[in-house]
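Student: Just so it is clear, I am handing over structure.cif, which has mmCIF, C-alpha atoms and all ligand atoms.
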```cif
data_my_file
#
loop_
_atom_site.group_PDB
_atom_site.id
_atom_site.type_symbol
_atom_site.label_atom_id
_atom_site.label_comp_id
_atom_site.auth_asym_id
_atom_site.auth_seq_id
_atom_site.Cartn_x
_atom_site.Cartn_y
_atom_site.Cartn_z
ATOM 1 C CA MET A 1 15.015 -5.900 -14.887
ATOM 2 C CA ILE A 2 14.994 -2.300 -16.104
ATOM 3 C CA GLU A 3 11.626 -0.799 -17.061
ATOM 4 C CA VAL A 4 11.506 2.813 -18.135
ATOM 5 C CA GLY A 5 8.926 4.973 -16.381
ATOM 6 C CA ILE A 6 7.689 2.700 -13.630
ATOM 7 C CA VAL A 7 5.860 4.548 -10.851
ATOM 8 C CA GLN A 8 6.468 3.636 -7.222
ATOM 9 C CA MET A 9 3.657 4.834 -5.005
ATOM 10 C CA VAL A 10 3.481 4.560 -1.226
ATOM 11 C CA PHE A 11 0.385 5.440 0.772
ATOM 12 C CA CYS A 12 -0.886 4.934 4.279
ATOM 13 C CA SER A 13 -4.393 4.994 5.743
ATOM 14 C CA ARG A 14 -6.392 4.174 8.843
ATOM 15 C CA VAL A 15 -8.379 0.969 9.198
ATOM 16 C CA ALA A 16 -12.122 1.812 9.148
ATOM 17 C CA ASP A 17 -13.084 0.097 12.402
ATOM 18 C CA PRO A 18 -10.107 -1.547 14.110
ATOM 19 C CA ARG A 19 -12.241 -2.776 17.059
ATOM 20 C CA ASP A 20 -14.265 -5.053 14.818
ATOM 21 C CA THR A 21 -11.458 -7.557 14.406
ATOM 22 C CA SER A 22 -13.466 -10.239 12.628
ATOM 23 C CA SER A 23 -14.638 -7.808 9.909
ATOM 24 C CA LEU A 24 -11.124 -6.445 9.681
ATOM 25 C CA ASN A 25 -9.639 -9.906 9.153
ATOM 26 C CA GLU A 26 -12.269 -10.658 6.500
ATOM 27 C CA ASN A 27 -11.613 -7.309 4.806
ATOM 28 C CA ILE A 28 -7.878 -7.909 4.746
ATOM 29 C CA LYS A 29 -8.316 -11.378 3.247
ATOM 30 C CA ALA A 30 -10.694 -10.023 0.598
ATOM 31 C CA ILE A 31 -8.406 -7.096 -0.300
ATOM 32 C CA VAL A 32 -5.342 -9.318 -0.660
ATOM 33 C CA ARG A 33 -7.156 -12.028 -2.645
ATOM 34 C CA TYR A 34 -8.787 -9.535 -5.017
ATOM 35 C CA SER A 35 -5.700 -7.360 -5.423
ATOM 36 C CA GLN A 36 -3.333 -10.213 -6.185
ATOM 37 C CA ILE A 37 -5.475 -11.212 -9.174
ATOM 38 C CA ARG A 38 -6.165 -7.664 -10.358
ATOM 39 C CA ASN A 39 -2.586 -6.454 -9.882
ATOM 40 C CA ALA A 40 -1.261 -9.418 -11.856
ATOM 41 C CA LYS A 41 -3.528 -8.438 -14.759
ATOM 42 C CA LEU A 42 -2.404 -4.795 -14.575
ATOM 43 C CA GLY A 43 1.310 -5.455 -14.087
ATOM 44 C CA ILE A 44 1.247 -3.974 -10.586
ATOM 45 C CA THR A 45 3.549 -5.319 -7.889
ATOM 46 C CA GLY A 46 4.003 -4.365 -4.253
ATOM 47 C CA ALA A 47 3.176 -5.035 -0.641
ATOM 48 C CA LEU A 48 0.406 -4.263 1.816
ATOM 49 C CA LEU A 49 1.419 -3.745 5.438
ATOM 50 C CA THR A 50 -0.840 -3.517 8.433
ATOM 51 C CA ASP A 51 -0.616 -3.348 12.211
ATOM 52 C CA LYS A 52 -4.412 -3.778 12.301
ATOM 53 C CA THR A 53 -4.987 -0.086 12.988
ATOM 54 C CA SER A 54 -3.332 1.353 9.882
ATOM 55 C CA PHE A 55 -2.514 0.211 6.376
ATOM 56 C CA ALA A 56 0.488 1.122 4.268
ATOM 57 C CA GLN A 57 1.098 -0.018 0.739
ATOM 58 C CA VAL A 58 3.907 0.106 -1.777
ATOM 59 C CA ALA A 59 2.612 -0.264 -5.345
ATOM 60 C CA GLU A 60 4.673 -0.288 -8.513
ATOM 61 C CA GLY A 61 3.492 -0.233 -12.102
ATOM 62 C CA SER A 62 2.693 1.989 -15.069
ATOM 63 C CA ALA A 63 1.484 5.517 -14.277
ATOM 64 C CA ALA A 64 -1.929 4.719 -15.777
ATOM 65 C CA SER A 65 -2.551 1.558 -13.764
ATOM 66 C CA ILE A 66 -1.242 3.053 -10.524
ATOM 67 C CA GLY A 67 -3.389 6.171 -11.073
ATOM 68 C CA ASN A 68 -6.543 4.125 -11.663
ATOM 69 C CA MET A 69 -5.856 1.921 -8.686
ATOM 70 C CA TYR A 70 -5.282 4.898 -6.395
ATOM 71 C CA SER A 71 -8.616 6.455 -7.445
ATOM 72 C CA SER A 72 -10.388 3.266 -6.372
ATOM 73 C CA ILE A 73 -8.390 3.015 -3.164
ATOM 74 C CA VAL A 74 -9.174 6.535 -1.899
ATOM 75 C CA ASN A 75 -12.900 5.784 -2.267
ATOM 76 C CA ASP A 76 -12.733 2.427 -0.490
ATOM 77 C CA GLU A 77 -14.753 2.476 2.735
ATOM 78 C CA ARG A 78 -12.672 -0.195 4.403
ATOM 79 C CA HIS A 79 -10.220 2.546 5.354
ATOM 80 C CA TYR A 80 -10.000 6.360 5.591
ATOM 81 C CA ASP A 81 -7.490 9.210 5.847
ATOM 82 C CA VAL A 82 -5.640 7.848 2.818
ATOM 83 C CA GLU A 83 -2.405 9.796 2.548
ATOM 84 C CA LEU A 84 -0.019 9.680 -0.389
ATOM 85 C CA LEU A 85 3.492 9.424 1.031
ATOM 86 C CA GLN A 86 5.430 9.003 -2.187
ATOM 87 C CA TYR A 87 4.884 9.003 -5.933
ATOM 88 C CA VAL A 88 8.143 8.681 -7.846
ATOM 89 C CA VAL A 89 9.184 7.504 -11.274
ATOM 90 C CA THR A 90 11.816 4.800 -11.271
ATOM 91 C CA HIS A 91 13.188 2.116 -13.561
ATOM 92 C CA VAL A 92 13.643 -0.784 -11.138
ATOM 93 C CA ARG A 93 10.902 -2.343 -9.020
ATOM 94 C CA LEU A 94 11.636 -2.949 -5.364
ATOM 95 C CA LEU A 95 9.232 -5.921 -5.335
ATOM 96 C CA PRO A 96 9.244 -7.307 -8.889
ATOM 97 C CA LEU A 97 7.923 -10.739 -7.954
ATOM 98 C CA GLN A 98 5.000 -9.973 -5.636
ATOM 99 C CA THR A 99 1.611 -8.944 -7.002
ATOM 100 C CA LEU A 100 0.748 -7.984 -3.415
ATOM 101 C CA ALA A 101 2.847 -9.353 -0.581
ATOM 102 C CA PHE A 102 1.041 -9.146 2.749
ATOM 103 C CA VAL A 103 3.074 -8.116 5.784
ATOM 104 C CA GLU A 104 1.612 -7.960 9.276
ATOM 105 C CA VAL A 105 3.656 -6.005 11.798
ATOM 106 C CA ASP A 106 3.179 -5.229 15.500
ATOM 107 C CA ARG A 107 3.365 -1.544 14.786
ATOM 108 C CA LEU A 108 3.793 0.468 11.624
ATOM 109 C CA PRO A 109 6.544 2.809 12.753
ATOM 110 C CA GLY A 110 6.154 6.364 11.553
ATOM 111 C CA ILE A 111 2.483 5.909 10.658
ATOM 112 C CA ASP A 112 0.935 6.709 14.063
ATOM 113 C CA GLY A 113 -0.984 9.958 13.978
ATOM 114 C CA ILE A 114 -1.335 10.075 10.212
ATOM 115 C CA ASN A 115 -2.755 13.577 10.355
ATOM 116 C CA ARG A 116 0.604 14.776 11.548
ATOM 117 C CA HIS A 117 2.280 14.032 8.205
ATOM 118 C CA SER A 118 1.629 17.602 7.263
ATOM 119 C CA THR A 119 4.988 18.475 5.732
ATOM 120 C CA PRO A 120 6.843 16.869 2.829
ATOM 121 C CA LEU A 121 9.612 15.892 5.247
ATOM 122 C CA ASP A 122 7.142 14.112 7.573
ATOM 123 C CA ARG A 123 5.716 12.210 4.627
ATOM 124 C CA ARG A 124 9.211 11.307 3.434
ATOM 125 C CA LYS A 125 10.095 9.951 6.883
ATOM 126 C CA ALA A 126 6.869 7.950 7.066
ATOM 127 C CA CYS A 127 7.582 6.531 3.614
ATOM 128 C CA LEU A 128 11.076 5.467 4.674
ATOM 129 C CA SER A 129 9.578 3.759 7.746
ATOM 130 C CA VAL A 130 7.233 1.789 5.492
ATOM 131 C CA LEU A 131 10.093 0.773 3.211
ATOM 132 C CA ALA A 132 12.216 -0.170 6.250
ATOM 133 C CA ALA A 133 9.396 -2.437 7.480
ATOM 134 C CA LEU A 134 9.788 -4.373 4.206
ATOM 135 C CA ARG A 135 13.406 -5.232 4.950
ATOM 136 C CA PRO A 136 12.728 -8.856 5.983
ATOM 137 C CA LEU A 137 10.839 -9.357 2.727
ATOM 138 C CA LEU A 138 13.582 -7.769 0.633
ATOM 139 C CA LEU A 139 16.527 -9.462 2.303
ATOM 140 C CA GLY A 140 14.915 -12.907 2.503
HETATM 141 C C1 LIG B 201 -5.569 -0.779 2.026
HETATM 142 C C2 LIG B 201 -6.119 -1.189 0.680
HETATM 143 C C3 LIG B 201 -5.255 -1.608 -0.325
HETATM 144 C C4 LIG B 201 -5.748 -1.989 -1.570
HETATM 145 N N1 LIG B 201 -4.880 -2.392 -2.548
HETATM 146 C C5 LIG B 201 -5.354 -2.716 -3.771
HETATM 147 C C6 LIG B 201 -4.470 -3.146 -4.797
HETATM 148 O O1 LIG B 201 -3.250 -3.263 -4.642
HETATM 149 N N2 LIG B 201 -5.015 -3.457 -6.006
HETATM 150 C C7 LIG B 201 -6.370 -3.374 -6.248
HETATM 151 O O2 LIG B 201 -6.811 -3.657 -7.370
HETATM 152 N N3 LIG B 201 -7.221 -2.997 -5.282
HETATM 153 C C8 LIG B 201 -6.743 -2.673 -4.057
HETATM 154 N N4 LIG B 201 -7.627 -2.319 -3.063
HETATM 155 C C9 LIG B 201 -9.073 -2.391 -3.355
HETATM 156 C C10 LIG B 201 -9.568 -1.128 -4.042
HETATM 157 O O3 LIG B 201 -9.770 -0.115 -3.085
HETATM 158 C C11 LIG B 201 -10.897 -1.413 -4.766
HETATM 159 O O4 LIG B 201 -11.825 -1.983 -3.890
HETATM 160 C C12 LIG B 201 -10.717 -2.373 -5.927
HETATM 161 O O5 LIG B 201 -9.619 -1.986 -6.704
HETATM 162 C C13 LIG B 201 -11.985 -2.366 -6.826
HETATM 163 O O6 LIG B 201 -12.149 -1.091 -7.325
HETATM 164 P P1 LIG B 201 -13.294 -0.710 -8.383
HETATM 165 O O7 LIG B 201 -14.576 -1.162 -7.736
HETATM 166 O O8 LIG B 201 -13.171 0.790 -8.515
HETATM 167 O O9 LIG B 201 -12.960 -1.448 -9.616
HETATM 168 C C14 LIG B 201 -7.148 -1.953 -1.813
HETATM 169 C C15 LIG B 201 -8.011 -1.528 -0.791
HETATM 170 C C16 LIG B 201 -7.515 -1.164 0.446
HETATM 171 C C17 LIG B 201 -8.472 -0.730 1.517
#
```
Would you mind giving the structure from this file in structure tokens?
Tutor:
Amino acid sequence: MIEVGIVQMVFCSRVADPRDTSSLNENIKAIVRYSQIRNAKLGITGALLTDKTSFAQVAEGSAASIGNMYSSIVNDERHYDVELLQYVVTHVRLLPLQTLAFVEVDRLPGIDGINRHSTPLDRRKACLSVLAALRPLLLG
């Protein structure tokens, strides 16, 4: 489906305390449960990826709803070092059917050492790594 002016945002972040695995698992469950309901209401789709030390998320929706969501996300204490990897306007969603797919991976390639994404090219590469990690989801 074509939708004019959809924003596709990709960010990554570090898990607040990766050693506390039980809190982390609870946090992940709570984020996914809450976000699936809220994103459905706001017309946001996308996927959350984690290797249990970092998060990455692809989110697609109107500029207003993505902007509001991102403001909440950067202030969320369940993670830190939130880094915007991509914010582009498109007309076709990559993940039109998922309010928030959850993808656990052994390692989020390209996301290690988030502070090193200091140039636009580094951020572009990290973004492509996140999108590549969604391949199984996209290809079925
Ligand atoms: C990694 C991560 C991803 C998140 N993704 C979403 C999301 O897709 N949609 C959403 O509504 N909240 C998401 N949240 C939760 C928000 O940060 C926030 O807690 C929630 O939107 C409530 O915000 P509010 O209290 O400002 O209304 C995410 C949080 C984290 C840590």
Student: Can I get the residues close to ligand LIG 201 (chain B) as JSON, numbers by chain, where close means within 10 Å and we count only C-alpha atoms and all ligand atoms?
Tutor: {"A": [11, 12, 13, 14, 15, 16, 27, 28, 30, 31, 32, 33, 34, 35, 36, 37, 38, 39, 40, 41, 42, 44, 45, 46, 47, 48, 49, 50, 54, 55, 56, 57, 58, 59, 60, 65, 66, 68, 69, 70, 71, 72, 73, 74, 75, 76, 77, 78, 79, 80, 82, 99, 100, 101]}
Student: Run through the PyMOL selection byres (((chain A and resi 106-110) around 6) and not hetatm) on the given coordinates and return the selected residues as a short mmCIF file (atom, residue, chain, number, x, y, z; two decimals) with C-alpha atoms, keeping the file's coordinate frame.
Tutor:
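part33.cif was written with the following content:
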```
data_model
loop_
_atom_site.label_atom_id
_atom_site.label_comp_id
_atom_site.auth_asym_id
_atom_site.auth_seq_id
_atom_site.Cartn_x
_atom_site.Cartn_y
_atom_site.Cartn_z
CA ASP A 51 -0.62 -3.35 12.21
CA VAL A 105 3.66 -6.00 11.80
CA ILE A 111 2.48 5.91 10.66
CA ASP A 112 0.94 6.71 14.06
CA ALA A 126 6.87 7.95 7.07
CA SER A 129 9.58 3.76 7.75
#
```
Student: Can you work out the spacing between atom CA of Val89 of chain A and atom CA of Gln8 of chain A in Å, to one decimal?
Tutor: 6.2 Å
Student: Measuring atom to atom with all atoms listed in the file, identify which of A:Leu94, A:Val88, A:Leu121, A:Met9 is nearest to Arg135 of chain A.
Tutor: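 Looking at the shortest contact to Arg135 of chain A, the residue is A:Leu94.
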Student: Once the PyMOL selection byres (((chain A and resi 123) around 12) and not hetatm) has been evaluated on this model, what residues remain selected, and can you format them as a list in words?
Tutor: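 Expected selection for the PyMOL selection byres (((chain A and resi 123) around 12) and not hetatm) here is Val10, Phe11, Cys12, Glu83, Leu84, Leu85, Gln86, Tyr87, Gly110, Ile111, Asp112, Gly113, Ile114, Asn115, Arg116, His117, Ser118, Thr119, Pro120, Leu121, Asp122, Arg124, Lys125, Ala126, Cys127, Leu128, Ser129 and Val130 of chain A.
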Student: For a test of reading the model, state the distance in Å between atom CA of Val103 of chain A and atom CA of Leu138 of chain A, rounded to one decimal.
Tutor: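 Between atom CA of Val103 of chain A and atom CA of Leu138 of chain A the gap is 11.7 Å.
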Student: For a test of reading the model, state the distance in Å between atom CA of Ile6 of chain A and atom CA of Ala63 of chain A, rounded to one decimal.
Tutor: 6.8 Å
Student: With only C-alpha atoms as the basis for distance, which of A:Gly67, A:Pro18, A:Gly140, A:Gly5 is at the shortest distance from Lys52 of chain A?
Tutor: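 Distance minimum relative to Lys52 of chain A lands on A:Pro18.
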Student: Here is a test: counting only C-alpha atoms, which residue of A:Val92, A:Leu97, A:Asp81, A:Lys29 is nearest to Thr53 of chain A?
Tutor: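 Once distances to Thr53 of chain A are computed over only C-alpha atoms, the minimum belongs to A:Asp81.
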Student: With 4 Å added on each side, what axis-aligned box encloses every listed atom of segment 105-111 of chain A? Give the centre and edge lengths in Å to one decimal, as AutoDock Vina command-line options.
Tutor:
```
--center_x 4.5 --center_y 0.2 --center_z 13.1 --size_x 12.1 --size_y 20.4 --size_z 12.8
```
